[in-house]
Amino acid sequence: MRRLWPYIAIILDSFHAALSSRILWVAFIAIWILLGALAPIGYREDFTTTFRDRDIDNGGRLKAMLAAGITDPSKADTPVGKIANGLPEDVKRELRQIGQGEDVRFYFTTLADSLNSLFEDESWYDAELWKSTARLRELRELDELGPDQIDETLRKRRARLRIEAAIPGVFESRSARSIMLTYLGIDFPARFAVDKTQFLILLNQIVVPTIINWLLGFILVFLGILVTASIIPDMLQPGSLHLLLSKPVSRWLLLLSKFVGGCAFVFLCVIQLIIGLYLIAGLRLDVWNARLLLCIPVSVFVFAVFYSVSTLAGLRFRSPILAIGITCMFGAYLVVVGMIGGFFDGFVTRPSTINQMTIAGDEVFATTRGEGLLRWDVKTEQWDEIYESEALGRNRVLAPVAIDDSTIVTAVVRGGRFNPFGLGGFDLLVLDEANQWRAQPSLRLPTATQQLATTTSEVFAINSSGIAVTSKQQVRKAMGEPSYSKEVDDDSAAATSASGMSSAPPQNSWLQKLASMMGAATEGFQDILPSDVLLTPPRSVGINASGDTMVLFSGKQLSRLQPTTDSTTPKLGSSAAWKVVATHTIDASLPRFAFLALSRDSVLLASDADSLQIFDRDTLTPTVSVPLPDRLSVVSSIAIGDDSRFVVLTSDQRCRALTRESDSQKWTLSDPLPQTNIDAIATDKRSSTLMIAHHIDQVDLLDAETLTLHRTLRPQLSTWRQIDRFVIGPLRSITPQTSELGGTIAAIVSGESSFEINRDEFGPVELVRYKILEPVLSCTLFIAVLLTTSCVYFSRRDF
């Protein structure tokens, strides 16, 4: 131990030197001012009352319903008509223009503000009219309160719920209570439309990591280099170095001691900032997150990467100015490499990543995150681009579905990549082998269609507010394809006549235009949801292969529907609507997303919860809850093979099979399948095939019963992909990934391994996975190499 005292003394001397630095005290004062400015921040929970622009999920439907309420005489004495006629005059004038067929654009903020104006005067409300609306239990309870039992906040909350009940399928599902930030006890002007649980996730996963990344990963590192750049050159001064070497010390341990001591500056700053943020988050926001304290060693570690460069430069050139300059150049190099890597990620890798798949006979089709449509060409063993993937494209391609062994249907929504309504109506596109997979337009799809689904004889169009259906025969007829047989034609015509599919008003009718804006069925399609069934986020739809059962998840409500028919064997499309035969409300907070998968007797509900929920398909009674492995979440889920098996894709990019044991309600989640870096999963029940897309655009086809591999699709790399793999990839590997240490910090603070972005309404969740260990290992290796080089140079050089 005595042999270490000289080195400990050198480290302590570095702390004393750091404390004597004026820059350190300037940093201290800046940190104290920042913490003092953050200390008065607080929060309180209040009822969610006023509308915000982000509360509007379906703006086109909202405009159309309000316009119809003003211009359609039959809507005047309905709840939506009362609301529309109670809006400000300038808004009503523009709604009349919409009702007359003019193209008038509303900002969501304008619509939200106009609805908020109704809170002050509730003369638009009629209790008798509102009895016909689908009212939540909360609204029914508020309606039962007397005038002396309801305060101003509850009155506004009740008014909001009345508006939501009168205009269904328009607004995002929001918690009854939301967060209001305060400063010195005064409310912020903006209200967060999130509950406390979501607020804590936002704080831990975004706000705190962002503050730490900027303050510790940029500002303090730069200040630290300014202060410590002179330590090594000063040590090399003849008098100073000779005095140190006159002691019984090793040269390389002397250098390492100086290096550790140089980290004192950042350590003294970081420990104050992190502990201060920890106390503020706990005392003011009730977030006692002990993981925040782990950011102290990580932040010092980030500084050590840059200081190792400064140390070597100081040894070689003995100049603090050159050490600072070389370290800044190194930082610029890291920024450039990070930008190049981000460019290839955003413009090369991500657009080519498969996110949906389907099979038609022997043909395999896929869509990409760049909104491209691909077909696997067996002869060339390459993906043939039917629609090109684009990183910055505006169009949206719906995931294709097969209607027979040689035909698929899809749609291209112009301008629909970030807006489900796009730039107007769009057609169902039919692609078949006979036409060399060239798209041919068929029926006009309902507005804002986001998902297509097929059963034995029908095609479903699912949008944000409803579900419409048509027959496959109608799809073929609309594209001019001859009927397969007169018998089929007659049956199809009879079914169409019975279902009223051809009873749509003329296309040039302004009422038809408003109905189209509201997502109503277009000519050839038939709306099937009952009027009291709403699709509110998060939503998911599951339909069995025979087409006689549908399960919906909307908000927190799980519903099972069947066709309304007197037949003992219901046929889809034989009636004007379906009926709800079973419901279940989940006893949990509102999930951020959800997926349904149906087997013959079970329903799998996968959401952002830490377990998978299994329900009886007939009664929707919860049967079992299967926990997920630690810190994993579900990205997608499907039913495969027999009647008691599902496959789930989790956030670690692995697939696991969920299987029920014979004659029991015990479900088991298997170990991961061999495939890694999985981006999407799908199943084809006709061929009993499980499709797994991994490593961007590779696909494995497995037997759904045995999960054995029977076919692989391995395309050759394009030129840009080759550059990414063989040039950019190695360059990023040998470069210390300091910028990606921000992901390590975010993972530490939030306790999550990923976060959700670009959620498709009915598609798989796209997750950004934090790189936790990779940047730590690359930076550790870099520090070790540079310090070893510095120690060898210092030991062998005669100073």
# chains A, B, ... in the order shown; residues from 1 in each chain; ligands from 1
$ closest_atom_pairs --of "region 567-655 of chain A" --to "region 538-549 of chain A" --cutoff "10 Å" --atoms "only C-alpha atoms" --output "Markdown table"
| residue | atom | partner | partner_atom | distance |
| --- | --- | --- | --- | --- |
| A:Thr569 | CA | A:Asp548 | CA | 8.4 |
| A:Pro570 | CA | A:Asp548 | CA | 6.2 |
| A:Lys571 | CA | A:Asp548 | CA | 6.6 |
| A:Leu572 | CA | A:Gly547 | CA | 6.0 |
| A:Gly573 | CA | A:Gly547 | CA | 9.4 |
| A:Trp578 | CA | A:Thr549 | CA | 9.6 |
| A:Val581 | CA | A:Thr549 | CA | 10.0 |
| A:Leu590 | CA | A:Pro538 | CA | 8.2 |
| A:Pro591 | CA | A:Pro538 | CA | 7.0 |
| A:Arg592 | CA | A:Pro538 | CA | 6.3 |
| A:Phe593 | CA | A:Pro538 | CA | 5.2 |
| A:Ala594 | CA | A:Pro538 | CA | 6.3 |
| A:Phe595 | CA | A:Ser540 | CA | 5.7 |
| A:Leu596 | CA | A:Gly542 | CA | 5.7 |
| A:Ala597 | CA | A:Gly542 | CA | 6.0 |
| A:Leu598 | CA | A:Gly542 | CA | 6.3 |
| A:Ser599 | CA | A:Asn544 | CA | 7.6 |
| A:Arg600 | CA | A:Asn544 | CA | 8.0 |
| A:Val603 | CA | A:Gly542 | CA | 8.9 |
| A:Leu604 | CA | A:Gly542 | CA | 9.9 |
| A:Leu605 | CA | A:Ser540 | CA | 9.4 |
| A:Ser607 | CA | A:Pro538 | CA | 9.4 |
| A:Arg617 | CA | A:Thr549 | CA | 9.3 |
| A:Asp618 | CA | A:Thr549 | CA | 9.4 |
| A:Ile638 | CA | A:Gly542 | CA | 9.8 |
$ write_last_selection --atoms "N, CA and C atoms" --output "compact mmCIF listing (two decimals), in the first residue's frame"
# COMPACT_ATOMS: atom_id res chain seq x y z
N THR A 569 -74.85 -20.77 -40.98
CA THR A 569 -73.43 -20.59 -41.34
C THR A 569 -73.28 -19.19 -41.92
N PRO A 570 -72.96 -18.20 -41.07
CA PRO A 570 -72.92 -16.81 -41.52
C PRO A 570 -71.92 -16.62 -42.65
N LYS A 571 -72.30 -15.79 -43.59
CA LYS A 571 -71.41 -15.39 -44.67
C LYS A 571 -71.19 -13.90 -44.60
N LEU A 572 -69.94 -13.51 -44.62
CA LEU A 572 -69.61 -12.10 -44.53
C LEU A 572 -70.16 -11.37 -45.75
N GLY A 573 -70.69 -10.17 -45.52
CA GLY A 573 -71.22 -9.37 -46.61
C GLY A 573 -72.68 -9.66 -46.89
N TRP A 578 -72.50 -5.79 -38.72
CA TRP A 578 -72.21 -6.86 -37.78
C TRP A 578 -72.73 -6.48 -36.41
N VAL A 581 -71.12 -9.40 -29.93
CA VAL A 581 -71.63 -10.54 -29.17
C VAL A 581 -70.88 -10.72 -27.85
N LEU A 590 -54.31 3.00 -20.14
CA LEU A 590 -54.44 3.00 -21.60
C LEU A 590 -53.09 2.68 -22.24
N PRO A 591 -53.01 1.59 -23.02
CA PRO A 591 -51.71 1.25 -23.64
C PRO A 591 -51.37 2.21 -24.77
N ARG A 592 -50.06 2.29 -25.10
CA ARG A 592 -49.63 3.15 -26.20
C ARG A 592 -49.89 2.48 -27.55
N PHE A 593 -49.86 1.16 -27.61
CA PHE A 593 -50.14 0.43 -28.83
C PHE A 593 -50.62 -0.97 -28.44
N ALA A 594 -51.22 -1.67 -29.39
CA ALA A 594 -51.74 -3.01 -29.11
C ALA A 594 -51.82 -3.81 -30.39
N PHE A 595 -51.69 -5.14 -30.25
CA PHE A 595 -51.81 -6.06 -31.38
C PHE A 595 -52.72 -7.21 -30.97
N LEU A 596 -53.56 -7.63 -31.91
CA LEU A 596 -54.42 -8.79 -31.70
C LEU A 596 -54.00 -9.92 -32.63
N ALA A 597 -54.09 -11.13 -32.13
CA ALA A 597 -53.88 -12.32 -32.95
C ALA A 597 -54.93 -13.34 -32.54
N LEU A 598 -55.58 -13.97 -33.54
CA LEU A 598 -56.70 -14.88 -33.29
C LEU A 598 -56.34 -16.30 -33.68
N SER A 599 -56.61 -17.23 -32.79
CA SER A 599 -56.62 -18.64 -33.14
C SER A 599 -58.06 -19.12 -33.08
N ARG A 600 -58.28 -20.42 -33.19
CA ARG A 600 -59.66 -20.90 -33.22
C ARG A 600 -60.40 -20.66 -31.91
N VAL A 603 -57.58 -15.54 -28.07
CA VAL A 603 -57.20 -14.23 -28.57
C VAL A 603 -55.98 -13.78 -27.79
N LEU A 604 -54.94 -13.37 -28.50
CA LEU A 604 -53.75 -12.83 -27.87
C LEU A 604 -53.76 -11.31 -28.00
N LEU A 605 -53.65 -10.63 -26.86
CA LEU A 605 -53.53 -9.17 -26.84
C LEU A 605 -52.13 -8.84 -26.36
N SER A 607 -49.41 -5.67 -25.93
CA SER A 607 -49.33 -4.21 -25.87
C SER A 607 -48.00 -3.83 -25.25
N ARG A 617 -61.77 -16.84 -26.97
CA ARG A 617 -62.24 -16.13 -28.15
C ARG A 617 -63.74 -15.93 -28.16
N ASP A 618 -64.51 -16.84 -27.58
CA ASP A 618 -65.96 -16.73 -27.63
C ASP A 618 -66.49 -15.73 -26.62
N ILE A 638 -48.52 -12.72 -34.13
CA ILE A 638 -49.35 -13.41 -35.11
C ILE A 638 -49.72 -14.78 -34.57
$ select_by_dssp --residues "region 85-244 of chain A" --states "alpha helix (DSSP H)" --output "compact mmCIF listing (two decimals) with N, CA and C atoms, in the first residue's frame"
# COMPACT_ATOMS: atom_id res chain seq x y z
N ASN A 85 -73.51 24.07 -35.12
CA ASN A 85 -74.18 25.36 -35.14
C ASN A 85 -73.85 26.23 -33.94
N GLU A 89 -68.83 32.08 -35.75
CA GLU A 89 -69.36 32.36 -37.08
C GLU A 89 -68.32 32.16 -38.18
N ASP A 90 -67.08 32.58 -37.94
CA ASP A 90 -66.08 32.44 -39.00
C ASP A 90 -65.80 30.96 -39.31
N VAL A 91 -65.84 30.11 -38.29
CA VAL A 91 -65.65 28.69 -38.50
C VAL A 91 -66.85 28.09 -39.24
N LYS A 92 -68.05 28.50 -38.87
CA LYS A 92 -69.24 27.98 -39.54
C LYS A 92 -69.26 28.39 -41.01
N ARG A 93 -68.77 29.59 -41.30
CA ARG A 93 -68.74 30.03 -42.70
C ARG A 93 -67.84 29.12 -43.53
N GLU A 94 -66.70 28.75 -42.99
CA GLU A 94 -65.79 27.87 -43.73
C GLU A 94 -66.33 26.45 -43.81
N LEU A 95 -67.05 26.01 -42.77
CA LEU A 95 -67.66 24.69 -42.82
C LEU A 95 -68.75 24.62 -43.88
N ARG A 96 -69.48 25.73 -44.07
CA ARG A 96 -70.49 25.76 -45.13
C ARG A 96 -69.83 25.63 -46.50
N GLN A 97 -68.67 26.25 -46.65
CA GLN A 97 -67.94 26.13 -47.92
C GLN A 97 -67.52 24.68 -48.17
N ILE A 98 -67.10 23.98 -47.10
CA ILE A 98 -66.76 22.56 -47.25
C ILE A 98 -67.99 21.77 -47.65
N GLY A 99 -69.12 22.08 -47.02
CA GLY A 99 -70.35 21.38 -47.35
C GLY A 99 -70.83 21.62 -48.76
N PHE A 108 -55.43 22.10 -37.40
CA PHE A 108 -55.98 21.40 -36.26
C PHE A 108 -56.12 22.33 -35.06
N THR A 109 -55.22 23.29 -34.95
CA THR A 109 -55.30 24.25 -33.83
C THR A 109 -56.60 25.04 -33.91
N THR A 110 -57.00 25.44 -35.12
CA THR A 110 -58.25 26.19 -35.29
C THR A 110 -59.45 25.35 -34.89
N LEU A 111 -59.46 24.09 -35.31
CA LEU A 111 -60.56 23.20 -34.94
C LEU A 111 -60.63 23.00 -33.44
N ALA A 112 -59.46 22.80 -32.80
CA ALA A 112 -59.44 22.59 -31.35
C ALA A 112 -59.92 23.83 -30.62
N ASP A 113 -59.47 25.00 -31.04
CA ASP A 113 -59.89 26.24 -30.38
C ASP A 113 -61.38 26.50 -30.54
N SER A 114 -61.91 26.18 -31.70
CA SER A 114 -63.35 26.39 -31.92
C SER A 114 -64.18 25.47 -31.04
N LEU A 115 -63.71 24.25 -30.82
CA LEU A 115 -64.43 23.34 -29.92
C LEU A 115 -64.30 23.80 -28.47
N ASN A 116 -63.14 24.33 -28.11
CA ASN A 116 -62.96 24.83 -26.74
C ASN A 116 -63.89 26.00 -26.44
N ALA A 127 -80.11 17.05 -23.56
CA ALA A 127 -79.99 15.76 -22.88
C ALA A 127 -80.68 14.63 -23.65
N GLU A 128 -81.84 14.92 -24.26
CA GLU A 128 -82.57 13.88 -24.98
C GLU A 128 -81.80 13.42 -26.22
N LEU A 129 -81.23 14.37 -26.93
CA LEU A 129 -80.48 14.01 -28.14
C LEU A 129 -79.24 13.19 -27.79
N TRP A 130 -78.61 13.52 -26.68
CA TRP A 130 -77.35 12.84 -26.33
C TRP A 130 -77.58 11.41 -25.82
N ARG A 137 -68.68 5.56 -19.42
CA ARG A 137 -69.19 5.50 -18.06
C ARG A 137 -68.90 6.78 -17.29
N GLU A 138 -67.73 7.37 -17.54
CA GLU A 138 -67.38 8.61 -16.85
C GLU A 138 -68.38 9.71 -17.17
N LEU A 139 -68.81 9.81 -18.44
CA LEU A 139 -69.78 10.83 -18.81
C LEU A 139 -71.13 10.56 -18.17
N ARG A 140 -71.54 9.30 -18.12
CA ARG A 140 -72.83 8.99 -17.49
C ARG A 140 -72.81 9.37 -16.01
N GLU A 141 -71.67 9.14 -15.36
CA GLU A 141 -71.57 9.51 -13.94
C GLU A 141 -71.59 11.02 -13.75
N LEU A 142 -70.93 11.76 -14.63
CA LEU A 142 -70.94 13.22 -14.52
C LEU A 142 -72.32 13.78 -14.82
N ASP A 143 -73.04 13.16 -15.76
CA ASP A 143 -74.38 13.64 -16.08
C ASP A 143 -75.35 13.48 -14.91
N GLU A 152 -66.14 23.98 -11.71
CA GLU A 152 -65.87 24.47 -13.05
C GLU A 152 -65.02 23.48 -13.86
N THR A 153 -64.04 22.86 -13.21
CA THR A 153 -63.18 21.92 -13.93
C THR A 153 -63.97 20.69 -14.37
N LEU A 154 -64.80 20.15 -13.48
CA LEU A 154 -65.62 18.99 -13.84
C LEU A 154 -66.64 19.35 -14.91
N ARG A 155 -67.15 20.59 -14.87
CA ARG A 155 -68.10 21.01 -15.91
C ARG A 155 -67.44 21.02 -17.28
N LYS A 156 -66.21 21.51 -17.35
CA LYS A 156 -65.50 21.52 -18.63
C LYS A 156 -65.14 20.09 -19.07
N ARG A 157 -64.81 19.27 -18.10
CA ARG A 157 -64.53 17.87 -18.43
C ARG A 157 -65.78 17.21 -19.01
N ARG A 158 -66.92 17.48 -18.42
CA ARG A 158 -68.18 16.92 -18.92
C ARG A 158 -68.50 17.43 -20.31
N ALA A 159 -68.23 18.71 -20.56
CA ALA A 159 -68.48 19.27 -21.88
C ALA A 159 -67.60 18.61 -22.92
N ARG A 160 -66.35 18.36 -22.57
CA ARG A 160 -65.45 17.69 -23.51
C ARG A 160 -65.97 16.29 -23.83
N LEU A 161 -66.38 15.54 -22.82
CA LEU A 161 -66.86 14.18 -23.05
C LEU A 161 -68.14 14.19 -23.88
N ARG A 162 -68.99 15.21 -23.70
CA ARG A 162 -70.20 15.30 -24.52
C ARG A 162 -69.84 15.53 -26.00
N ILE A 163 -68.85 16.37 -26.24
CA ILE A 163 -68.42 16.62 -27.62
C ILE A 163 -67.83 15.35 -28.22
N GLU A 164 -67.01 14.63 -27.45
CA GLU A 164 -66.42 13.39 -27.95
C GLU A 164 -67.49 12.35 -28.25
N ALA A 165 -68.54 12.30 -27.44
CA ALA A 165 -69.62 11.34 -27.68
C ALA A 165 -70.40 11.70 -28.94
N ALA A 166 -70.56 12.99 -29.21
CA ALA A 166 -71.33 13.42 -30.38
C ALA A 166 -70.56 13.29 -31.67
N LYS A 196 -49.93 10.62 -15.57
CA LYS A 196 -48.69 10.65 -14.80
C LYS A 196 -47.73 9.56 -15.24
N THR A 197 -48.24 8.38 -15.54
CA THR A 197 -47.36 7.29 -15.98
C THR A 197 -46.62 7.66 -17.26
N GLN A 198 -47.35 8.21 -18.23
CA GLN A 198 -46.72 8.63 -19.48
C GLN A 198 -45.76 9.79 -19.25
N PHE A 199 -46.11 10.67 -18.32
CA PHE A 199 -45.23 11.80 -18.01
C PHE A 199 -43.90 11.31 -17.44
N LEU A 200 -43.95 10.31 -16.58
CA LEU A 200 -42.71 9.79 -16.00
C LEU A 200 -41.86 9.10 -17.07
N ILE A 201 -42.51 8.41 -18.01
CA ILE A 201 -41.77 7.79 -19.10
C ILE A 201 -41.10 8.86 -19.95
N LEU A 202 -41.83 9.93 -20.26
CA LEU A 202 -41.28 11.03 -21.04
C LEU A 202 -40.10 11.68 -20.33
N VAL A 208 -34.58 13.98 -19.22
CA VAL A 208 -33.36 13.88 -18.42
C VAL A 208 -32.16 13.42 -19.25
N PRO A 209 -32.28 12.36 -20.09
CA PRO A 209 -31.13 11.99 -20.92
C PRO A 209 -30.68 13.10 -21.86
N THR A 210 -31.61 13.90 -22.38
CA THR A 210 -31.23 15.00 -23.26
C THR A 210 -30.42 16.04 -22.52
N ILE A 211 -30.85 16.38 -21.31
CA ILE A 211 -30.10 17.35 -20.50
C ILE A 211 -28.70 16.83 -20.22
N ILE A 212 -28.61 15.57 -19.84
CA ILE A 212 -27.30 15.00 -19.51
C ILE A 212 -26.42 14.92 -20.75
N ASN A 213 -26.99 14.54 -21.88
CA ASN A 213 -26.19 14.43 -23.10
C ASN A 213 -25.56 15.77 -23.49
N TRP A 214 -26.36 16.83 -23.42
CA TRP A 214 -25.85 18.13 -23.83
C TRP A 214 -24.89 18.72 -22.81
N LEU A 220 -19.44 20.13 -20.76
CA LEU A 220 -18.44 19.84 -19.72
C LEU A 220 -17.21 19.16 -20.30
N VAL A 221 -17.37 18.36 -21.35
CA VAL A 221 -16.20 17.76 -21.99
C VAL A 221 -15.31 18.84 -22.58
N PHE A 222 -15.91 19.80 -23.25
CA PHE A 222 -15.12 20.89 -23.85
C PHE A 222 -14.42 21.72 -22.78
N LEU A 223 -15.15 22.06 -21.72
CA LEU A 223 -14.52 22.82 -20.63
C LEU A 223 -13.43 22.00 -19.96
N GLY A 224 -13.69 20.70 -19.79
CA GLY A 224 -12.69 19.84 -19.15
C GLY A 224 -11.39 19.79 -19.94
N ILE A 225 -11.50 19.72 -21.26
CA ILE A 225 -10.29 19.69 -22.09
C ILE A 225 -9.53 21.02 -21.97
N LEU A 226 -10.25 22.13 -21.91
CA LEU A 226 -9.58 23.43 -21.75
C LEU A 226 -8.77 23.49 -20.45
N VAL A 227 -9.33 22.92 -19.38
CA VAL A 227 -8.66 22.99 -18.08
C VAL A 227 -7.51 22.00 -17.99
N THR A 228 -7.72 20.78 -18.50
CA THR A 228 -6.75 19.70 -18.26
C THR A 228 -5.69 19.59 -19.34
N ILE A 231 -2.05 19.87 -18.15
CA ILE A 231 -1.50 19.03 -17.09
C ILE A 231 -0.28 18.26 -17.57
N ILE A 232 -0.37 17.58 -18.71
CA ILE A 232 0.75 16.78 -19.21
C ILE A 232 1.91 17.67 -19.67
N PRO A 233 1.68 18.72 -20.47
CA PRO A 233 2.81 19.59 -20.83
C PRO A 233 3.50 20.21 -19.62
N ASP A 234 2.73 20.60 -18.59
CA ASP A 234 3.35 21.16 -17.38
C ASP A 234 4.19 20.12 -16.66
N MET A 235 3.74 18.86 -16.67
CA MET A 235 4.50 17.81 -16.02
C MET A 235 5.83 17.58 -16.71
N PRO A 238 11.18 20.64 -17.37
CA PRO A 238 12.39 20.01 -16.79
C PRO A 238 12.38 19.96 -15.27
N GLY A 239 12.07 21.03 -14.61
CA GLY A 239 12.10 21.02 -13.15
C GLY A 239 11.03 20.14 -12.55
N SER A 240 9.84 20.21 -13.10
CA SER A 240 8.72 19.43 -12.57
C SER A 240 8.94 17.95 -12.80
N LEU A 241 9.31 17.54 -14.02
CA LEU A 241 9.47 16.13 -14.33
C LEU A 241 10.63 15.52 -13.54
N HIS A 242 11.75 16.25 -13.42
CA HIS A 242 12.89 15.72 -12.68
C HIS A 242 12.55 15.52 -11.22
N LEU A 243 11.74 16.43 -10.65
CA LEU A 243 11.34 16.29 -9.26
C LEU A 243 10.48 15.05 -9.07
N LEU A 244 9.55 14.83 -9.98
CA LEU A 244 8.67 13.66 -9.86
C LEU A 244 9.45 12.36 -10.04
$ closest_residue --among "A:Ser352, A:Ser795, A:Ser230, A:Thr689" --to "Leu255 (chain A)" --atoms "only C-alpha atoms"
A:Ser795
$ select_by_dssp --residues "region 502-680 of chain A" --states "strand (DSSP E)" --output "ChimeraX atom specification"
/A:526-527,539-543,550-554,557-563,578-585,594-598,602-607,611-616,622-627,634-639,645-650,655-660,667-669,678-680
$ atom_distance --atom1 "CA of Gln665 (chain A)" --atom2 "CA of Asp601 (chain A)"
11.6 Å
